[in-house]
>>> print(open('my_file.csv').read())   # CSV, C-alpha atoms
chain,number,residue,atom,x,y,z
A,28,MET,CA,14.7,-27.1,-70.4
A,29,TYR,CA,16.1,-28.8,-67.4
A,30,ARG,CA,16.8,-25.4,-65.8
A,31,ILE,CA,13.3,-24.2,-66.4
A,32,LEU,CA,11.8,-27.3,-64.7
A,33,LEU,CA,14.3,-26.8,-61.8
A,34,ALA,CA,13.4,-23.1,-61.5
A,35,LEU,CA,9.6,-23.9,-61.6
A,36,SER,CA,10.0,-26.6,-59.0
A,37,LEU,CA,11.9,-24.3,-56.6
A,38,LEU,CA,9.3,-21.6,-57.2
A,39,LEU,CA,6.5,-24.0,-56.4
A,40,ILE,CA,8.2,-25.1,-53.1
A,41,VAL,CA,8.8,-21.5,-52.1
A,42,ALA,CA,5.2,-20.6,-52.9
A,43,CYS,CA,3.8,-23.4,-50.9
A,44,SER,CA,5.9,-22.8,-47.8
A,45,THR,CA,5.4,-19.0,-47.5
A,46,PRO,CA,2.3,-17.8,-45.7
A,47,ARG,CA,0.0,-15.7,-47.7
A,48,ALA,CA,-0.6,-12.0,-46.9
A,49,SER,CA,-4.3,-12.3,-47.2
A,50,GLY,CA,-7.0,-14.9,-46.8
A,51,GLY,CA,-6.5,-18.1,-44.9
A,52,GLN,CA,-3.8,-16.7,-42.7
A,53,THR,CA,-4.4,-17.0,-39.0
A,54,SER,CA,-3.6,-14.1,-36.7
A,55,ILE,CA,-2.4,-14.2,-33.2
A,56,ALA,CA,-4.6,-12.1,-30.9
A,57,SER,CA,-2.7,-9.6,-28.7
A,58,PRO,CA,-3.3,-10.0,-25.0
A,59,THR,CA,-6.2,-7.9,-23.7
A,60,PRO,CA,-4.8,-5.2,-21.3
A,61,THR,CA,-6.0,-5.7,-17.8
A,62,ALA,CA,-7.0,-3.0,-15.4
A,63,PRO,CA,-4.3,-2.3,-12.8
A,64,ALA,CA,-5.0,-3.9,-9.4
A,65,ALA,CA,-6.6,-1.7,-6.8
A,66,PRO,CA,-4.1,-0.8,-4.1
A,67,ALA,CA,-4.5,-2.8,-0.9
A,68,PRO,CA,-6.2,-0.9,2.0
A,69,SER,CA,-3.7,0.9,4.2
A,70,TYR,CA,-3.7,2.8,7.5
A,71,ALA,CA,-1.5,5.4,5.7
A,72,GLY,CA,-2.7,9.0,5.9
A,73,GLU,CA,-3.6,11.5,8.5
A,74,TRP,CA,-5.7,10.7,11.6
A,75,GLU,CA,-7.1,13.0,14.2
A,76,VAL,CA,-6.5,11.3,17.5
A,77,THR,CA,-8.2,11.9,20.9
A,78,VAL,CA,-6.9,10.3,24.1
A,79,LYS,CA,-9.4,10.8,26.9
A,80,ASP,CA,-9.0,11.3,30.6
A,81,THR,CA,-5.2,11.1,30.9
A,82,PRO,CA,-3.5,12.5,34.0
A,83,GLY,CA,-2.8,15.6,31.8
A,84,GLY,CA,-6.5,15.8,30.6
A,85,THR,CA,-7.8,14.9,27.2
A,86,VAL,CA,-5.0,14.9,24.6
A,87,THR,CA,-5.6,15.5,20.9
A,88,GLY,CA,-3.1,15.3,18.0
A,89,THR,CA,-2.5,14.2,14.5
A,90,LEU,CA,-1.2,10.8,13.7
A,91,MET,CA,0.6,10.9,10.3
A,92,LEU,CA,1.3,7.5,8.8
A,93,THR,CA,3.3,6.8,5.6
A,94,GLU,CA,3.4,3.4,3.7
A,95,THR,CA,7.0,2.4,2.7
A,96,ALA,CA,8.5,-0.7,1.2
A,97,ASP,CA,9.4,-1.7,4.8
A,98,GLY,CA,6.0,-1.0,6.3
A,99,LEU,CA,4.4,1.9,8.0
A,100,THR,CA,6.3,4.8,9.5
A,101,GLY,CA,5.2,8.2,10.8
A,102,ALA,CA,4.9,10.7,13.6
A,103,PHE,CA,2.4,11.9,16.2
A,104,VAL,CA,1.9,15.7,16.4
A,105,ALA,CA,0.4,17.3,19.5
A,106,GLY,CA,0.5,21.1,19.7
A,107,GLU,CA,3.9,22.2,18.5
A,108,GLN,CA,5.5,18.9,19.4
A,109,GLU,CA,6.2,16.3,16.6
A,110,THR,CA,7.3,12.9,17.8
A,111,GLU,CA,8.6,10.2,15.5
A,112,LEU,CA,7.0,6.8,15.9
A,113,ARG,CA,9.4,4.1,17.1
A,114,THR,CA,7.2,1.2,15.9
A,115,VAL,CA,4.1,0.8,13.8
A,116,THR,CA,2.6,-2.6,13.1
A,117,ALA,CA,-0.7,-3.5,11.5
A,118,ALA,CA,-2.2,-7.0,11.5
A,119,ASP,CA,-5.6,-8.6,11.8
A,120,GLY,CA,-7.5,-5.3,12.0
A,121,VAL,CA,-5.3,-3.9,14.8
A,122,LEU,CA,-2.9,-0.9,14.4
A,123,ARG,CA,-0.2,-0.7,17.1
A,124,LEU,CA,2.2,2.1,17.5
A,125,SER,CA,4.7,3.4,20.1
A,126,PHE,CA,6.7,6.5,20.7
A,127,TYR,CA,8.5,8.3,23.5
A,128,SER,CA,6.7,11.4,24.9
A,129,ALA,CA,9.3,13.9,26.0
A,130,GLU,CA,6.5,16.0,27.6
A,131,TYR,CA,5.4,13.2,29.9
A,132,GLN,CA,8.8,11.4,29.9
A,133,THR,CA,7.4,8.0,29.2
A,134,ASP,CA,7.0,5.5,26.5
A,135,VAL,CA,3.5,5.6,24.9
A,136,ASP,CA,1.9,2.7,23.1
A,137,MET,CA,-1.5,2.8,21.3
A,138,ARG,CA,-3.6,0.0,20.2
A,139,LEU,CA,-6.3,1.0,17.7
A,140,ASN,CA,-8.9,-1.5,16.4
A,141,GLY,CA,-10.5,-1.4,12.9
A,142,ALA,CA,-9.9,-2.3,9.3
A,143,ALA,CA,-7.2,-0.5,7.3
A,144,ASP,CA,-9.9,1.2,5.1
A,145,ALA,CA,-12.0,2.3,8.1
A,146,THR,CA,-12.7,6.0,8.8
A,147,THR,CA,-12.7,5.6,12.6
A,148,LEU,CA,-10.5,3.4,14.8
A,149,GLU,CA,-11.1,2.9,18.5
A,150,GLY,CA,-8.8,1.4,21.2
A,151,SER,CA,-6.6,2.5,24.0
A,152,THR,CA,-3.4,4.3,24.9
A,153,MET,CA,-1.1,2.7,27.5
A,154,GLY,CA,-3.8,0.0,28.0
A,155,GLN,CA,-6.0,2.4,30.0
A,156,PHE,CA,-7.0,5.6,28.2
A,157,ALA,CA,-9.8,5.4,25.7
A,158,THR,CA,-8.5,6.5,22.3
A,159,THR,CA,-10.3,7.3,19.0
A,160,ALA,CA,-8.7,8.1,15.7
A,161,THR,CA,-10.6,9.6,12.8
A,162,ARG,CA,-9.2,9.6,9.3
A,163,LYS,CA,-8.8,13.2,7.9
>>> encode(input="my_file.csv", output="structure tokens")
Amino acid sequence: MYRILLALSLLLIVACSTPRASGGQTSIASPTPTAPAAPAPSYAGEWEVTVKDTPGGTVTGTLMLTETADGLTGAFVAGEQETELRTVTAADGVLRLSFYSAEYQTDVDMRLNGAADATTLEGSTMGQFATTATRK
């Protein structure tokens, strides 16, 4: 008889401490998936560039910018000549870049104003030639 009472007591303890499979059991809601964050606007992409009234006339070319973990990199292509950009910086709505022009044997710097998600940027090349860049 003692064993039966002991077994019933243990069974009662186990039954009270084990959660039930149905009714009265609370469930933990799984987190609701969130939409991925939209990428930050970037100047990356291809831009059709026009530099007006230089000593060599109006110069047109393509500015190709790529976003990397270290920032923007790219090249300027005019005619058959592709020139790697030395520096590219973007801050406060201003895109600045520089490269060496073998054709004119000079360092060239551009300053283009406009937001990273703009379709047109305007500024100057070498501080004196009106420059426009239009996103392709």
>>> closest_atom_pairs(input="my_file.csv", of="stretch 47-132 of chain A", to="stretch 143-151 of chain A", cutoff="7 Å", atoms="all atoms listed in the file", output="tab-separated table")
residue	atom	partner	partner_atom	distance
A:Pro68	CA	A:Asp144	CA	5.3
A:Ser69	CA	A:Ala143	CA	4.9
A:Tyr70	CA	A:Ala143	CA	4.8
A:Gly120	CA	A:Ala143	CA	6.7
>>> closest_residue(input="my_file.csv", among="A:Val78, A:Met91, A:Ala117, A:Leu99", to="A:Met153", atoms="only C-alpha atoms")
A:Val78
>>> closest_residue(input="my_file.csv", among="A:Thr59, A:Arg162, A:Asp136, A:Glu94", to="A:Arg113", atoms="all atoms listed in the file")
A:Asp136
>>> atom_distance(input="my_file.csv", atom1="atom CA of A:Thr95", atom2="atom CA of A:Ala71")
9.5 Å
>>> atom_distance(input="my_file.csv", atom1="atom CA of A:Pro63", atom2="atom CA of A:Asp97")
22.3 Å
>>> residues_around(input="my_file.csv", residues="A:Pro82", least_positions_apart="4", cutoff="10 Å", atoms="all atoms listed in the file", output="ChimeraX atom specification")
/A:86,131,156
>>> atom_distance(input="my_file.csv", atom1="atom CA of A:Leu122", atom2="atom CA of A:Ala67")
15.5 Å
